[in-house]
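Okay, input_14.csv is below, CSV, C-alpha atoms:
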```csv
chain,number,residue,atom,x,y,z
G,719,MET,CA,14.9,-22.0,-15.7
G,720,GLY,CA,13.2,-20.3,-12.8
G,721,ARG,CA,9.9,-21.6,-11.4
G,722,VAL,CA,6.3,-21.6,-11.9
G,723,LYS,CA,4.8,-18.1,-11.5
G,724,LEU,CA,2.9,-17.3,-8.3
G,725,ASN,CA,-0.9,-16.9,-8.4
G,726,SER,CA,-3.4,-15.3,-6.1
G,727,GLY,CA,-3.9,-17.5,-3.0
G,728,ASP,CA,-0.4,-19.0,-3.1
G,729,THR,CA,1.8,-18.7,0.0
G,730,ALA,CA,4.5,-16.1,-0.8
G,731,PRO,CA,8.1,-17.3,-0.4
G,732,ALA,CA,9.6,-15.9,2.8
G,733,PHE,CA,12.8,-13.9,2.5
G,734,SER,CA,15.4,-12.0,4.4
G,735,LEU,CA,17.5,-9.6,2.3
G,736,THR,CA,19.8,-6.6,2.8
G,737,ASP,CA,18.3,-3.2,2.0
G,738,ASP,CA,19.8,0.1,0.8
G,739,HIS,CA,20.8,1.0,4.3
G,740,GLY,CA,22.7,-2.3,4.9
G,741,ALA,CA,19.9,-3.5,7.2
G,742,SER,CA,18.3,-6.9,7.0
G,743,VAL,CA,14.6,-6.8,6.0
G,744,SER,CA,12.4,-9.9,6.2
G,745,LEU,CA,8.9,-10.4,4.9
G,746,ALA,CA,8.0,-11.4,8.5
G,747,ASP,CA,8.9,-7.9,9.7
G,748,PHE,CA,5.6,-6.8,8.1
G,749,ALA,CA,3.3,-9.2,10.1
G,750,GLY,CA,-0.3,-7.9,10.1
G,751,ARG,CA,0.3,-5.7,7.1
G,752,LYS,CA,-0.1,-5.7,3.4
G,753,VAL,CA,3.1,-5.4,1.3
G,754,ILE,CA,3.6,-4.3,-2.3
G,755,LEU,CA,6.8,-6.0,-3.4
G,756,TYR,CA,7.8,-4.7,-6.8
G,757,VAL,CA,10.6,-6.2,-8.8
G,758,TYR,CA,12.7,-4.1,-11.3
G,759,PRO,CA,15.7,-5.0,-13.4
G,760,ALA,CA,18.3,-2.3,-12.5
G,761,ALA,CA,18.5,0.7,-10.3
G,762,MET,CA,19.1,4.1,-12.0
G,763,THR,CA,18.0,3.0,-15.5
G,764,PRO,CA,15.3,5.2,-17.0
G,765,GLY,CA,12.3,2.9,-16.7
G,766,CYS,CA,13.2,1.7,-13.2
G,767,THR,CA,13.7,5.3,-12.1
G,768,LYS,CA,10.3,6.3,-13.5
G,769,GLN,CA,8.7,3.4,-11.7
G,770,ALA,CA,10.5,4.1,-8.4
G,771,CYS,CA,9.6,7.8,-8.5
G,772,ASP,CA,5.9,6.9,-9.2
G,773,PHE,CA,5.9,4.7,-6.1
G,774,ARG,CA,7.7,7.5,-4.1
G,775,ASP,CA,5.1,10.0,-5.3
G,776,ASN,CA,2.2,7.7,-4.2
G,777,ILE,CA,3.7,6.3,-1.0
G,778,ALA,CA,1.6,8.4,1.4
G,779,SER,CA,-1.6,7.1,-0.2
G,780,PHE,CA,-0.4,3.5,-0.1
G,781,GLN,CA,0.7,3.9,3.5
G,782,LYS,CA,-2.6,5.5,4.4
G,783,GLU,CA,-4.3,2.3,3.1
G,784,GLY,CA,-2.0,0.1,5.2
G,785,PHE,CA,0.4,-0.9,2.5
G,786,ALA,CA,4.2,-1.0,2.8
G,787,VAL,CA,6.2,-0.7,-0.4
G,788,LEU,CA,9.4,-2.7,-1.1
G,789,GLY,CA,11.5,-2.5,-4.2
G,790,LEU,CA,13.5,-5.6,-5.2
G,791,SER,CA,16.4,-5.9,-7.7
G,792,PRO,CA,19.7,-7.8,-8.1
G,793,ASP,CA,21.6,-4.6,-7.5
G,794,LYS,CA,24.1,-4.4,-4.6
G,795,PRO,CA,23.1,-2.4,-1.5
G,796,GLU,CA,25.7,0.3,-2.4
G,797,LYS,CA,24.1,1.0,-5.7
G,798,LEU,CA,20.6,0.9,-4.1
G,799,ALA,CA,21.8,3.6,-1.6
G,800,LYS,CA,22.9,5.8,-4.5
G,801,PHE,CA,19.6,5.3,-6.2
G,802,ARG,CA,17.7,6.2,-3.0
G,803,GLU,CA,19.8,9.3,-2.5
G,804,ARG,CA,19.6,10.5,-6.1
G,805,ASP,CA,15.9,10.1,-6.4
G,806,ALA,CA,14.9,10.7,-2.7
G,807,LEU,CA,13.2,7.3,-2.5
G,808,THR,CA,11.4,6.8,0.8
G,809,PHE,CA,10.9,3.0,0.9
G,810,PRO,CA,13.3,0.1,1.3
G,811,LEU,CA,15.1,-1.2,-1.7
G,812,LEU,CA,16.1,-4.8,-1.3
G,813,SER,CA,19.2,-6.4,-2.8
G,814,ASP,CA,19.1,-10.0,-4.2
G,815,PRO,CA,22.4,-10.3,-6.0
G,816,ASP,CA,22.3,-14.1,-6.3
G,817,LYS,CA,18.7,-13.8,-7.6
G,818,ALA,CA,17.4,-16.6,-5.3
G,819,VAL,CA,14.3,-14.7,-4.1
G,820,LEU,CA,13.7,-13.4,-7.7
G,821,GLU,CA,13.6,-17.0,-8.9
G,822,GLU,CA,11.3,-18.1,-6.0
G,823,TYR,CA,8.9,-15.4,-7.1
G,824,GLY,CA,9.1,-16.4,-10.7
G,825,ALA,CA,10.5,-13.0,-11.5
G,826,PHE,CA,13.8,-14.1,-13.1
G,827,GLY,CA,14.0,-16.2,-16.2
G,828,GLU,CA,13.4,-16.0,-19.9
G,829,LYS,CA,11.7,-12.9,-21.3
G,830,LYS,CA,11.4,-11.1,-24.6
G,831,LEU,CA,13.6,-8.0,-25.1
G,832,TYR,CA,13.4,-6.2,-28.4
G,833,GLY,CA,12.1,-9.4,-30.0
G,834,LYS,CA,14.9,-11.6,-28.6
G,835,THR,CA,14.6,-14.1,-25.9
G,836,VAL,CA,16.9,-13.3,-23.0
G,837,VAL,CA,17.3,-14.4,-19.4
G,838,GLY,CA,16.9,-11.7,-16.8
G,839,VAL,CA,14.7,-9.9,-14.3
G,840,ILE,CA,11.0,-9.9,-15.2
G,841,ARG,CA,9.5,-6.6,-14.0
G,842,SER,CA,6.7,-7.8,-11.7
G,843,THR,CA,4.6,-6.6,-8.8
G,844,PHE,CA,3.2,-8.7,-5.9
G,845,VAL,CA,0.6,-7.6,-3.3
G,846,LEU,CA,1.1,-9.8,-0.2
G,847,ASP,CA,-1.0,-10.1,2.8
G,848,VAL,CA,1.3,-10.9,5.8
G,849,ASP,CA,-0.5,-12.6,8.7
G,850,GLU,CA,0.3,-12.1,12.4
G,851,LYS,CA,2.7,-15.0,12.3
G,852,GLY,CA,4.6,-13.4,9.4
G,853,VAL,CA,3.3,-15.8,6.7
G,854,ALA,CA,2.3,-14.1,3.5
G,855,LYS,CA,-0.4,-14.9,1.0
G,856,VAL,CA,-0.2,-13.6,-2.5
G,857,GLU,CA,-3.2,-11.4,-3.3
G,858,VAL,CA,-2.0,-10.1,-6.6
G,859,ALA,CA,0.8,-11.3,-8.9
G,860,GLN,CA,1.5,-9.3,-12.0
G,861,TYR,CA,4.3,-10.2,-14.4
G,862,ASN,CA,5.8,-8.2,-17.3
G,863,VAL,CA,4.3,-5.0,-16.0
G,864,LYS,CA,5.2,-1.7,-17.7
G,865,ALA,CA,7.5,0.7,-16.0
G,866,THR,CA,5.4,3.7,-16.9
G,867,GLY,CA,1.8,3.9,-15.7
G,868,HIS,CA,2.1,0.8,-13.6
G,869,VAL,CA,1.6,2.5,-10.3
G,870,ALA,CA,-1.6,4.2,-11.5
G,871,LYS,CA,-2.9,0.9,-12.8
G,872,LEU,CA,-2.0,-0.8,-9.5
G,873,ARG,CA,-3.9,1.9,-7.5
G,874,ARG,CA,-6.9,1.2,-9.7
G,875,ASP,CA,-6.6,-2.6,-9.3
G,876,LEU,CA,-6.4,-2.2,-5.5
G,877,GLY,CA,-9.4,0.2,-5.5
G,878,LEU,CA,-7.3,3.1,-4.1
G,879,ASP,CA,-8.4,5.7,-6.6
G,880,GLU,CA,-11.4,7.8,-5.4
```

Please rewrite the model in this file as structure tokens.
Amino acid sequence: MGRVKLNSGDTAPAFSLTDDHGASVSLADFAGRKVILYVYPAAMTPGCTKQACDFRDNIASFQKEGFAVLGLSPDKPEKLAKFRERDALTFPLLSDPDKAVLEEYGAFGEKKLYGKTVVGVIRSTFVLDVDEKGVAKVEVAQYNVKATGHVAKLRRDLGLDE
């Protein structure tokens, strides 16, 4: 089920997915930039909302340091649009309904939920460095991250806190 998890230094799987505006977004669109790709299980659930709002509230400082932020879930674009509107989210939310990209990133598979083993989306964050040709290297791969407090921890990990 799923694949081996990604590690720092790995080449990040390329993707092209539909976002919350119905537009196609590719990793290659961010050539020459760093991308924070964060994976969450479901739009509009309490934990995912908290995490999305934390990214929203920190987006200016991420952008100032040259990072683009992308959210990724299996939700359909229509649901992502409602999520964006409800919570005034200011970064693309990508839809992966067949979970192919989630699996390539090792972010879909077995996980523990309330002591049971279930199959689902593994809340994860990837920091990707996309070169001028649009090929991305993984700088950071974090799996099973917490919804609350994760953005603050990520900022510390990236040295963004003064």

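Atom CA of G:Phe844 lies 13.8 Å from atom CA of G:Phe733.
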
Quick one: which stretch 835-879 of chain G residues come within 12 Å of stretch 806-819 of chain G, and what is the nearest atom pair for each with the distance in Å to one decimal, counting only C-alpha atoms, rows ordered by chain and ascending number, as a Markdown table?
```
| residue | atom | partner | partner_atom | distance |
| --- | --- | --- | --- | --- |
| G:Val837 | CA | G:Lys817 | CA | 11.9 |
| G:Gly838 | CA | G:Lys817 | CA | 9.6 |
| G:Val839 | CA | G:Lys817 | CA | 8.7 |
| G:Ile840 | CA | G:Lys817 | CA | 11.5 |
```

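Nearest to G:Phe780 of all the residues G:Phe801, G:Arg841, G:Val753, G:Pro759 is G:Val753, counting only C-alpha atoms.
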
When you count only C-alpha atoms, which of these residues is closest to G:Pro731: G:Gly867, G:Gly877, G:Gly824, G:Gly750?
G:Gly824

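The smallest atom-to-atom distance between G:Gly740 and any of G:Ala760, G:Val869, G:Ala799, G:Leu820, using only C-alpha atoms, is found for G:Ala799.
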
Might you pull out every residue within 7 Å of G:Val757, with only C-alpha atoms counted and same-chain residues fewer than 6 positions away left off, and present them as a PyMOL selection string?
chain G and resi 789-791+841-843

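The coordinates place atom CA of G:Lys723 at 25.1 Å from atom CA of G:Asp772.
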
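The space separating atom CA of G:Gly827 from atom CA of G:Ala749 comes to 29.2 Å.
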
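Considering only C-alpha atoms, the residue among G:Val845, G:Val863, G:Val853, G:Ala825 positioned nearest to G:Val722 is G:Ala825.
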
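Among the candidates G:Ala732, G:Leu755, G:Ala746, G:Ala865, the residue lying nearest to G:Ala770 is G:Ala865 (atoms considered: all atoms listed in the file).
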
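Residues with any atom within 9 Å of G:Leu878, counting only C-alpha atoms and excluding same-chain neighbours fewer than 3 positions away, are Ser779, Phe780, Glu783, Leu872, Arg873, Arg874 and Asp875 of chain G.
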
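Of the residues listed (G:Ala741, G:Val856, G:Tyr823, G:Asp805), G:Asp805 shows the shortest atom-to-atom separation from G:Lys768; distances use all atoms listed in the file.
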
Fewer than 6 positions away in the same chain doesn't count, so skip those; otherwise give me all residues within 10 Å of G:Lys855, counting all atoms listed in the file, as a list in words.
Asn725, Ser726, Gly727, Asp728, Thr729, Ala730, Pro731, Lys752, Phe844, Val845, Leu846, Asp847, Val848 and Asp849 of chain G
